[in-house]
Amino acid sequence: MHDDRQLIEERLQRALRERIRPAIYGASVPLDIEVWHAPGEPVSPAEALAQTYEPAAIGLPWGAAWGTAWFKFSGQVPAEWAGSEIEAVIDLGFSGGPGFSAEGLVHTTSGVPLKGLHPRQTYAPLSILGPEGTPAHAGDRIEFYVEAAANPEVLGSNAFAPTDVGGKPEPGGTPIYRLARADVAVFNAEVWDLILDLEALNGLQEQLSLQEPRRREILRALSRALDALDYENVAATAADARAQLTDVLSRPAHASAHQLSAVGHAHIDSAWLWPLRETRRKVARTVSNVATLAEEYPELVFAFSQAQQHAWVKENYPAVWERLKKAVADGIIVPVGGMWVESDTNLPGSEALARQFVHGKRFFLDEYGIDTQEVWLPDSFGYTAALPQLVKLSGSKWFLTQKISWNKENRFPHHTFWWEGLDGTRVFTHFPPIDTYNSDLSGRELAHAQRNFAENGAATRSLVPFGYGDGGGGPTREFVATARRVANLESSPRVTIESPTEFFSAAEEEYHDHAPVWSGELYLEIHRATYTSQAKTKQGNRRSEHLLREAELWSAAAVVAGKLDAYPYEDLDRIWKAVLLNQFHDILPGSSISWVHREAEETYARLASELEAIIAKAQQALAGSGDAQIVFNAAPHGRNGIAGLGAGVAAASESAVTVENGVLDNGLIRVTIDDRGLITSLYDVEAGREVIAPGAVGNLLQLHVDTPNNWDAWDVDSFYKNNVRDVTEVDSVDFSTDSGVATVVVKRSFGRSTVTQTLRVRPGTKRVDIETTMDWHEAEKFLKAAYPVDVHADRSASETQFGHIFRPTHQNTSWDAAKFEIAAHRWVHVGEPGYGVAVVNDSTYGHDINRTAREDGGTTTTIRTSLIRAPRFPDPQTDQGVHTVNHALVVGAGIPEAIEEGYRINLPERVVTGADGAEPLVAIDNGNVIVESLKLADDRSGDVVVRLYESSGGRSRATITPSFTATAATEVDLLERHLADRDLQDNAVTFELRPFQILTLRFTRS
C-alpha cells in the first residue's frame, strides 16, 4: 500500500496542478483597461476617479515600489452566460503571498470600496459589479475601478538579505509589476468544489498511519475520483469525480474527537514590512473582503483586533465603516483584544500599557457598545507578568497568545491554563495548539492541533484562528468551505466556526477548576534582540511616556489650583494614541522597515515639542511671575528638598566633590578612573566596601560579532558571546569639576565608530552618572557596557510595569539558560543580604546579568546593559548615526533606592522662573506606594484620578491625602468605571495593598 499511496499522491498533485485548477474558470472575455498612475503617495478615491485615464493592456508595467496605479476595467458580460456563475478575474501581477506583494481594492464607479484583491483572492463576483455595488447579470455592461498598490516584497526570495526597498521612495522609480489578467469568466463551481474535496481528504490521509484502514479507504476514493475525471473536459466530469468521494466525506467524527473553535482572522501588522499608511489600506481591503464573503457564507465569524485599525476605517473609508458597523451588529465581525494596538508588552511603560486598554476598550464601547472580554495578542514577543492584573482591571477576563510556540529551547507545557501575574491575579489563558494564527484549516494543521494539545485527557477543545494574515487579507471562500467539509469528519477534529467568546466560555466551564497554573512572565525564547534594535524608536517611546506623565500631572495641578483655565483633553488624547500606535509589536521592538522607524522618529520629535509646550504652560501658570528659581519635581519621591510631584525652591547642597589623581570623590563614594578611562575602583565610603569585583573594571565597553541565524533585527543568538572584544583603546581622558560636579570625559574610537562617555559624580549621591554618546557606523555588531560587581547574587531584579520580577543569574536549567538576554525598564538590581547595586537608565531595555567564579573563591555578578546593535534586515541602516543614552551605577542600593533613581533619571528636575511653588496634589505616607499617574478624569467632570501601585513586593498600608478638598473617593478600574466606594475621612483615604497591587482612586472635588 505504501507504493500505491505515493503513486496516488503524485498523481493527485499533478492532476490538481495541470488539469483541475486551470479548469476553475471556463469561457472568458477580456475587459477593456485604462490606467492612471498616481505620482506620489496614495490619494482618495474621489481624487483618483477625477483623473484622466489612458488606454492600457495586459502586460502593462505598473507601480514603482510603494507606488499606486488606478485601473478602470469595463466590458460587456455575454448574454449567453445566463444561468452561469460569473466573476471578474483580475491578476495585477501577483507574486509571493497575500499581504506581501501587489494588492488591490475594487471600487464602484463613484469610489465606494467593494472587495480586496491579493494573490489568493483574484476575483470579484458579478453580484457586486452592478451600479454602486449592486448585482450585475449576464448581458449587462460592467465598469469598476481597482486601486492597485505596488508593495514590494521586502522578504524577497532571499529572506533576511539586506534590501533598499524598505525606505520611503523617491518619485519616478521603475515599475515592479505587470498586469497579468483582466477578464470576465464563467466560474465552474463544481470544479472548485472538487478541488476542496480532494485537498481536504488528501490532507487528512497524510496525517494517518500507513496501517490505518481510514487512510486506505481515502486513498482508494481519491484514486476512483481521478479515474472518473475526463482531463479533456474537467468541468463536465467534476460531478462524477465528486460522487466517488461522497461516502468518505460523510463519515462523522469520533465521539472523542478534539473540538476546534474556528475563528476567522487576519493578523494585520499595523506596520512591519510596509509603512503605517499602507496598513490603513490593508485594513480596508480586509474588512471589505470579510463583509463580502459573509454575504455568501453567513456562518462566518471574524475576530478583528486593534481599535486603531477600526479607527482608521472610520477616519478614511466611510462606506467601509458603515459595512463594518453592520457586520459588528450582526455578529459577523467581532471586536477583540481591547487594546489600541496589539502592542509589545515587554517595553511599554506601566501607564502606557494601562492606556492601551483604556483607549482600546473605550473605542469599542463608544462605537459598538461592546465591552470586549478577551485580550488578543497572538504575535507579541513575550508577555510581561504585569498583564494579568491589567487584563482584570480593564474589565476583561481571558487572554490569548500564539507566539510562545516559537520558543527555541523549551516547549511551553500548557495550552489552556491560568496565568498568574506578579501580584497574584490570574487570567484564564489559551495558547492554540495549532501553532499558527494564520491557519488554512488543512488536514496537517488540524491533526497537529489534536495531537499537540497539552491538556488532552483533561480538556477537549481549542481555538484556531484561520485566514491570511501578517499582511492581512483574512479568510477566503476556500477556507470557509473547507471548514464546512471538516466540521464533522471521521479521523479529524470537529470544527465549528464560532466567536472567541463562545470558545472561552465553553473552555472555562469545562476546565475551570482543573486548569494548571503558570506563574510569572511568559518569556519568549526567541526575538530577544528586540529589546535593543532601533535605539531612537525606543528612546522616543521612553521620553514620550515620561513627558505625558508630566503634562498630565502639571496640567491637572494648574487646573485644580485655579491657575489654568482648561485641561488639554483633546491634545493629550491624540498624543497618547500616537504613542500607543508606535508601541505596536513590530515598531517599538525595532523590527520594521526603515520607513516605519524614520517616521516614528519624526512623530516622537513632534510629540515632544507639543508636550514640552503643554508642560511649560502649566508650570508657568503654577509658578506665576517672579524672579525665583522654582524647581518642579515630577518624580514620585522627594529630592533636593522638593517633594515628589511638587515644586519649590531647591535646598542648597552642603557637600562638595573633588577630582584628584584620577579619583572622583564626594565623601560618600570614591571612583577611581585609570588612564584607559575605566573604573578600577568604586569605593562605598559609608559601607566601607569596594563595589567593583577584584581584578575587574567597570563601565567596560564590549563589542560582539552579532550574526544571528535568522531574523536579524529580532534575534540575538547565544553564540554571540563567543566573539567579544573589550574596547579599552582611548583617544583622550579629561578630568574636571563643573558647577560642583566631578567629571571625566572619555573618548574612544574603534572600527568606523566613536564613543564619548561623560562620567559624573554629584554631591550628596551614591551614584555614578554615565552619559554615552555613540557615533555608530558598525555592521552586525552588538555593543554592551559591563559593570562587574563584588556582589553574590543568584538572581537579579528588573523593573517591569507596576513592579519588578526576579530572574536567575545562573543556568541551572534550560529555562534559566534561555534567559541570556532580558528586558528591564528603568532599572536592574543585584544584591546580597545587606548590600546591593543598581544600574538605572533613561532609554535602554536589553540586559544580561550573570555570575562567574573567581580564584579567591568569591563570585562576580556582572550587569551588562545593551547599548546598540547593527542588524541588516529589514532596515540595513539600523541605528547608523549618533545616539546619546544615560545610565547611572547606584551603589549601596536596595530595591527602593533603585526604584527612586529609576524615576529620577527619567524625570529630571525642571527650573522655571517665577514666584510660587506647588504643593503636591496628593501626599502618601508610605514610600512603597508610588503614584504612577495623576490626571483629571477622562469624562471631563473635573475629578482627580490617581493611579498607585505597591512597589516593594510586600504588603503596604498607606494613607493618601489630597491637597484640595475632596467630597468623595471611589475605587475605579482602568477605564475609570466605579468599582467600590472608599471611606474618605479628614480628606484622606487609608488603604491596604497586596504585593504589586494597582489601585486607581477617583476624587471628587468640591
# chains A, B, ... in the order shown; residues from 1 in each chain; ligands from 1

call {"tool": "residues_around", "arguments": {"residues": "Ala150 of chain A", "least_positions_apart": "3", "cutoff": "9 Å", "atoms": "only C-alpha atoms", "output": "list in words"}}
result
Trp62, Gly63, Ala64, Ala65, Trp66, Gly67, Thr68, Ala69, Ser101, Ala102, Glu103, Gly104, Pro175, Ile176 and Tyr177 of chain A

call {"tool": "write_last_selection", "arguments": {"atoms": "N, CA and C atoms", "output": "PDB file, in the first residue's frame"}}
result
ATOM      1  N   TRP A  62       3.527  48.476 -14.230  1.00  0.00           N
ATOM      2  CA  TRP A  62       2.909  49.498 -13.383  1.00  0.00           C
ATOM      3  C   TRP A  62       3.538  49.456 -12.000  1.00  0.00           C
ATOM      4  N   GLY A  63       3.508  50.580 -11.306  1.00  0.00           N
ATOM      5  CA  GLY A  63       3.853  50.616  -9.893  1.00  0.00           C
ATOM      6  C   GLY A  63       5.322  50.528  -9.561  1.00  0.00           C
ATOM      7  N   ALA A  64       5.975  51.675  -9.412  1.00  0.00           N
ATOM      8  CA  ALA A  64       7.266  51.653  -8.740  1.00  0.00           C
ATOM      9  C   ALA A  64       7.036  51.223  -7.298  1.00  0.00           C
ATOM     10  N   ALA A  65       8.100  50.785  -6.640  1.00  0.00           N
ATOM     11  CA  ALA A  65       7.955  50.315  -5.256  1.00  0.00           C
ATOM     12  C   ALA A  65       7.219  51.346  -4.414  1.00  0.00           C
ATOM     13  N   TRP A  66       6.165  50.888  -3.747  1.00  0.00           N
ATOM     14  CA  TRP A  66       5.278  51.663  -2.883  1.00  0.00           C
ATOM     15  C   TRP A  66       4.388  52.621  -3.663  1.00  0.00           C
ATOM     16  N   GLY A  67       4.385  52.511  -4.995  1.00  0.00           N
ATOM     17  CA  GLY A  67       3.528  53.369  -5.788  1.00  0.00           C
ATOM     18  C   GLY A  67       2.120  52.814  -5.909  1.00  0.00           C
ATOM     19  N   THR A  68       1.259  53.590  -6.552  1.00  0.00           N
ATOM     20  CA  THR A  68      -0.137  53.211  -6.730  1.00  0.00           C
ATOM     21  C   THR A  68      -0.575  53.487  -8.163  1.00  0.00           C
ATOM     22  N   ALA A  69      -1.281  52.535  -8.727  1.00  0.00           N
ATOM     23  CA  ALA A  69      -1.941  52.746 -10.015  1.00  0.00           C
ATOM     24  C   ALA A  69      -3.432  52.510  -9.831  1.00  0.00           C
ATOM     25  N   SER A 101       2.767  41.431  -1.434  1.00  0.00           N
ATOM     26  CA  SER A 101       3.130  41.874  -2.782  1.00  0.00           C
ATOM     27  C   SER A 101       2.033  42.814  -3.254  1.00  0.00           C
ATOM     28  N   ALA A 102       1.797  42.831  -4.574  1.00  0.00           N
ATOM     29  CA  ALA A 102       0.760  43.698  -5.114  1.00  0.00           C
ATOM     30  C   ALA A 102      -0.580  43.401  -4.456  1.00  0.00           C
ATOM     31  N   GLU A 103      -1.320  44.434  -4.162  1.00  0.00           N
ATOM     32  CA  GLU A 103      -2.646  44.285  -3.584  1.00  0.00           C
ATOM     33  C   GLU A 103      -3.582  45.277  -4.251  1.00  0.00           C
ATOM     34  N   GLY A 104      -4.872  44.950  -4.287  1.00  0.00           N
ATOM     35  CA  GLY A 104      -5.832  45.837  -4.916  1.00  0.00           C
ATOM     36  C   GLY A 104      -7.103  45.951  -4.119  1.00  0.00           C
ATOM     37  N   PRO A 175       8.812  50.526 -12.599  1.00  0.00           N
ATOM     38  CA  PRO A 175       7.688  49.646 -12.251  1.00  0.00           C
ATOM     39  C   PRO A 175       8.171  48.247 -11.878  1.00  0.00           C
ATOM     40  N   ILE A 176       7.506  47.640 -10.890  1.00  0.00           N
ATOM     41  CA  ILE A 176       7.930  46.314 -10.416  1.00  0.00           C
ATOM     42  C   ILE A 176       6.900  45.234 -10.706  1.00  0.00           C
ATOM     43  N   TYR A 177       5.723  45.593 -11.232  1.00  0.00           N
ATOM     44  CA  TYR A 177       4.708  44.597 -11.559  1.00  0.00           C
ATOM     45  C   TYR A 177       4.205  44.790 -12.988  1.00  0.00           C
TER      46      TYR A 177
END

call {"tool": "residues_around", "arguments": {"residues": "Leu155 of chain A", "least_positions_apart": "2", "cutoff": "10 Å", "atoms": "only C-alpha atoms", "output": "PyMOL selection string"}}
result
chain A and resi 96+100-101+152-153+157-163+165+273+873-874

call {"tool": "residues_around", "arguments": {"residues": "Ala386 of chain A", "least_positions_apart": "6", "cutoff": "10 Å", "atoms": "only C-alpha atoms", "output": "PDB file with C-alpha atoms, in the first residue's frame"}}
result
ATOM      1  CA  THR A 345       4.335  44.082  26.228  1.00  0.00           C
ATOM      2  CA  ASN A 346       7.949  43.927  27.351  1.00  0.00           C
ATOM      3  CA  SER A 350       3.405  50.989  33.198  1.00  0.00           C
ATOM      4  CA  LEU A 353       0.345  49.577  28.877  1.00  0.00           C
ATOM      5  CA  ALA A 354      -2.653  50.539  31.004  1.00  0.00           C
ATOM      6  CA  GLU A 420      -0.828  34.202  37.374  1.00  0.00           C
ATOM      7  CA  GLY A 421       0.733  37.662  37.299  1.00  0.00           C
ATOM      8  CA  LEU A 422       3.278  39.229  39.586  1.00  0.00           C
ATOM      9  CA  ASP A 423       0.570  40.436  42.010  1.00  0.00           C
ATOM     10  CA  GLY A 424      -1.250  37.093  42.163  1.00  0.00           C
ATOM     11  CA  THR A 425      -4.056  37.958  39.737  1.00  0.00           C
ATOM     12  CA  GLY A 520       5.244  34.883  36.143  1.00  0.00           C
ATOM     13  CA  GLU A 521       6.160  36.276  32.766  1.00  0.00           C
ATOM     14  CA  THR A 800       8.569  45.817  34.782  1.00  0.00           C
ATOM     15  CA  GLN A 801       5.191  47.506  34.618  1.00  0.00           C
ATOM     16  CA  PHE A 802       3.897  48.281  38.118  1.00  0.00           C
ATOM     17  CA  GLY A 803       6.586  46.276  39.884  1.00  0.00           C
ATOM     18  CA  HIS A 804       9.613  44.109  39.302  1.00  0.00           C
ATOM     19  CA  ILE A 805      10.434  40.494  38.593  1.00  0.00           C
ATOM     20  CA  PHE A 996       2.429  44.910  43.401  1.00  0.00           C
ATOM     21  CA  GLN A 997      -1.278  45.700  43.526  1.00  0.00           C
ATOM     22  CA  ILE A 998      -2.511  48.543  41.323  1.00  0.00           C
TER      23      ILE A 998
END

call {"tool": "atom_distance", "arguments": {"atom1": "atom CA of Asp769 of chain A", "atom2": "atom CA of Pro833 of chain A"}}
result
25.1 Å

call {"tool": "select_by_dssp", "arguments": {"residues": "segment 258-418 of chain A", "states": "strand (DSSP E or B)", "output": "ChimeraX atom specification"}}
result
/A:259-265,268,302-304,333-335,343,374-376,383,398-400,416-418

call {"tool": "closest_atom_pairs", "arguments": {"of": "segment 209-283 of chain A", "to": "segment 28-47 of chain A", "cutoff": "12 Å", "atoms": "only C-alpha atoms", "output": "JSON lines"}}
result
{"residue": "A:Pro275", "atom": "CA", "partner": "A:Glu41", "partner_atom": "CA", "distance": 11.6}
{"residue": "A:Arg277", "atom": "CA", "partner": "A:Pro42", "partner_atom": "CA", "distance": 8.6}
{"residue": "A:Glu278", "atom": "CA", "partner": "A:Pro42", "partner_atom": "CA", "distance": 8.9}
{"residue": "A:Arg280", "atom": "CA", "partner": "A:Pro42", "partner_atom": "CA", "distance": 10.8}
{"residue": "A:Arg281", "atom": "CA", "partner": "A:Pro42", "partner_atom": "CA", "distance": 9.5}

call {"tool": "write_last_selection", "arguments": {"atoms": "N, CA and C atoms", "output": "mmCIF file, in the first residue's frame"}}
result
data_model
loop_
_atom_site.group_PDB
_atom_site.id
_atom_site.type_symbol
_atom_site.label_atom_id
_atom_site.label_comp_id
_atom_site.auth_asym_id
_atom_site.auth_seq_id
_atom_site.Cartn_x
_atom_site.Cartn_y
_atom_site.Cartn_z
ATOM 1 N N PRO A 275 4.715 50.540 5.488
ATOM 2 C CA PRO A 275 4.522 51.681 6.387
ATOM 3 C C PRO A 275 3.110 51.741 6.929
ATOM 4 N N ARG A 277 0.886 53.982 6.521
ATOM 5 C CA ARG A 277 -0.127 54.415 5.572
ATOM 6 C C ARG A 277 -0.629 53.244 4.731
ATOM 7 N N GLU A 278 0.226 52.235 4.508
ATOM 8 C CA GLU A 278 -0.224 51.084 3.740
ATOM 9 C C GLU A 278 -1.121 50.188 4.584
ATOM 10 N N ARG A 280 -3.358 51.162 6.618
ATOM 11 C CA ARG A 280 -4.713 51.713 6.519
ATOM 12 C C ARG A 280 -5.451 51.086 5.335
ATOM 13 N N ARG A 281 -4.738 50.932 4.215
ATOM 14 C CA ARG A 281 -5.368 50.349 3.028
ATOM 15 C C ARG A 281 -5.557 48.840 3.199
#

call {"tool": "closest_residue", "arguments": {"among": "A:Ala824, A:Ala561, A:Ala449, A:Ile930", "to": "Pro433 of chain A", "atoms": "only C-alpha atoms"}}
result
A:Ala449

call {"tool": "select_by_dssp", "arguments": {"residues": "segment 692-877 of chain A", "states": "helix (DSSP H, G or I)", "output": "PyMOL selection string"}}
result
chain A and resi 718-722+814-818

call {"tool": "residues_around", "arguments": {"residues": "Pro788 of chain A", "least_positions_apart": "3", "cutoff": "8 Å", "atoms": "only C-alpha atoms", "output": "list in words"}}
result
Ile692, Ala693, Ala696, Val697, Gly698, Thr860, Thr861, Thr862 and Ile863 of chain A

call {"tool": "write_last_selection", "arguments": {"atoms": "N, CA and C atoms", "output": "mmCIF file, in the first residue's frame"}}
result
data_model
loop_
_atom_site.group_PDB
_atom_site.id
_atom_site.type_symbol
_atom_site.label_atom_id
_atom_site.label_comp_id
_atom_site.auth_asym_id
_atom_site.auth_seq_id
_atom_site.Cartn_x
_atom_site.Cartn_y
_atom_site.Cartn_z
ATOM 1 N N ILE A 692 33.490 47.345 42.829
ATOM 2 C CA ILE A 692 33.989 46.673 41.635
ATOM 3 C C ILE A 692 34.671 45.366 42.036
ATOM 4 N N ALA A 693 34.387 44.309 41.339
ATOM 5 C CA ALA A 693 34.939 42.998 41.670
ATOM 6 C C ALA A 693 36.457 42.996 41.524
ATOM 7 N N ALA A 696 38.676 43.333 38.146
ATOM 8 C CA ALA A 696 37.766 43.728 37.060
ATOM 9 C C ALA A 696 37.743 45.244 36.931
ATOM 10 N N VAL A 697 37.140 45.706 35.882
ATOM 11 C CA VAL A 697 36.960 47.144 35.659
ATOM 12 C C VAL A 697 35.507 47.399 35.286
ATOM 13 N N GLY A 698 35.028 48.575 35.676
ATOM 14 C CA GLY A 698 33.646 48.933 35.413
ATOM 15 C C GLY A 698 33.503 49.861 34.228
ATOM 16 N N THR A 860 31.632 36.924 41.065
ATOM 17 C CA THR A 860 31.388 38.244 40.496
ATOM 18 C C THR A 860 30.055 38.227 39.766
ATOM 19 N N THR A 861 29.223 39.197 40.054
ATOM 20 C CA THR A 861 27.973 39.364 39.314
ATOM 21 C C THR A 861 28.159 40.523 38.351
ATOM 22 N N THR A 862 28.027 40.236 37.079
ATOM 23 C CA THR A 862 28.242 41.249 36.054
ATOM 24 C C THR A 862 26.923 41.668 35.439
ATOM 25 N N ILE A 863 26.651 42.959 35.555
ATOM 26 C CA ILE A 863 25.489 43.560 34.897
ATOM 27 C C ILE A 863 25.986 44.157 33.589
#
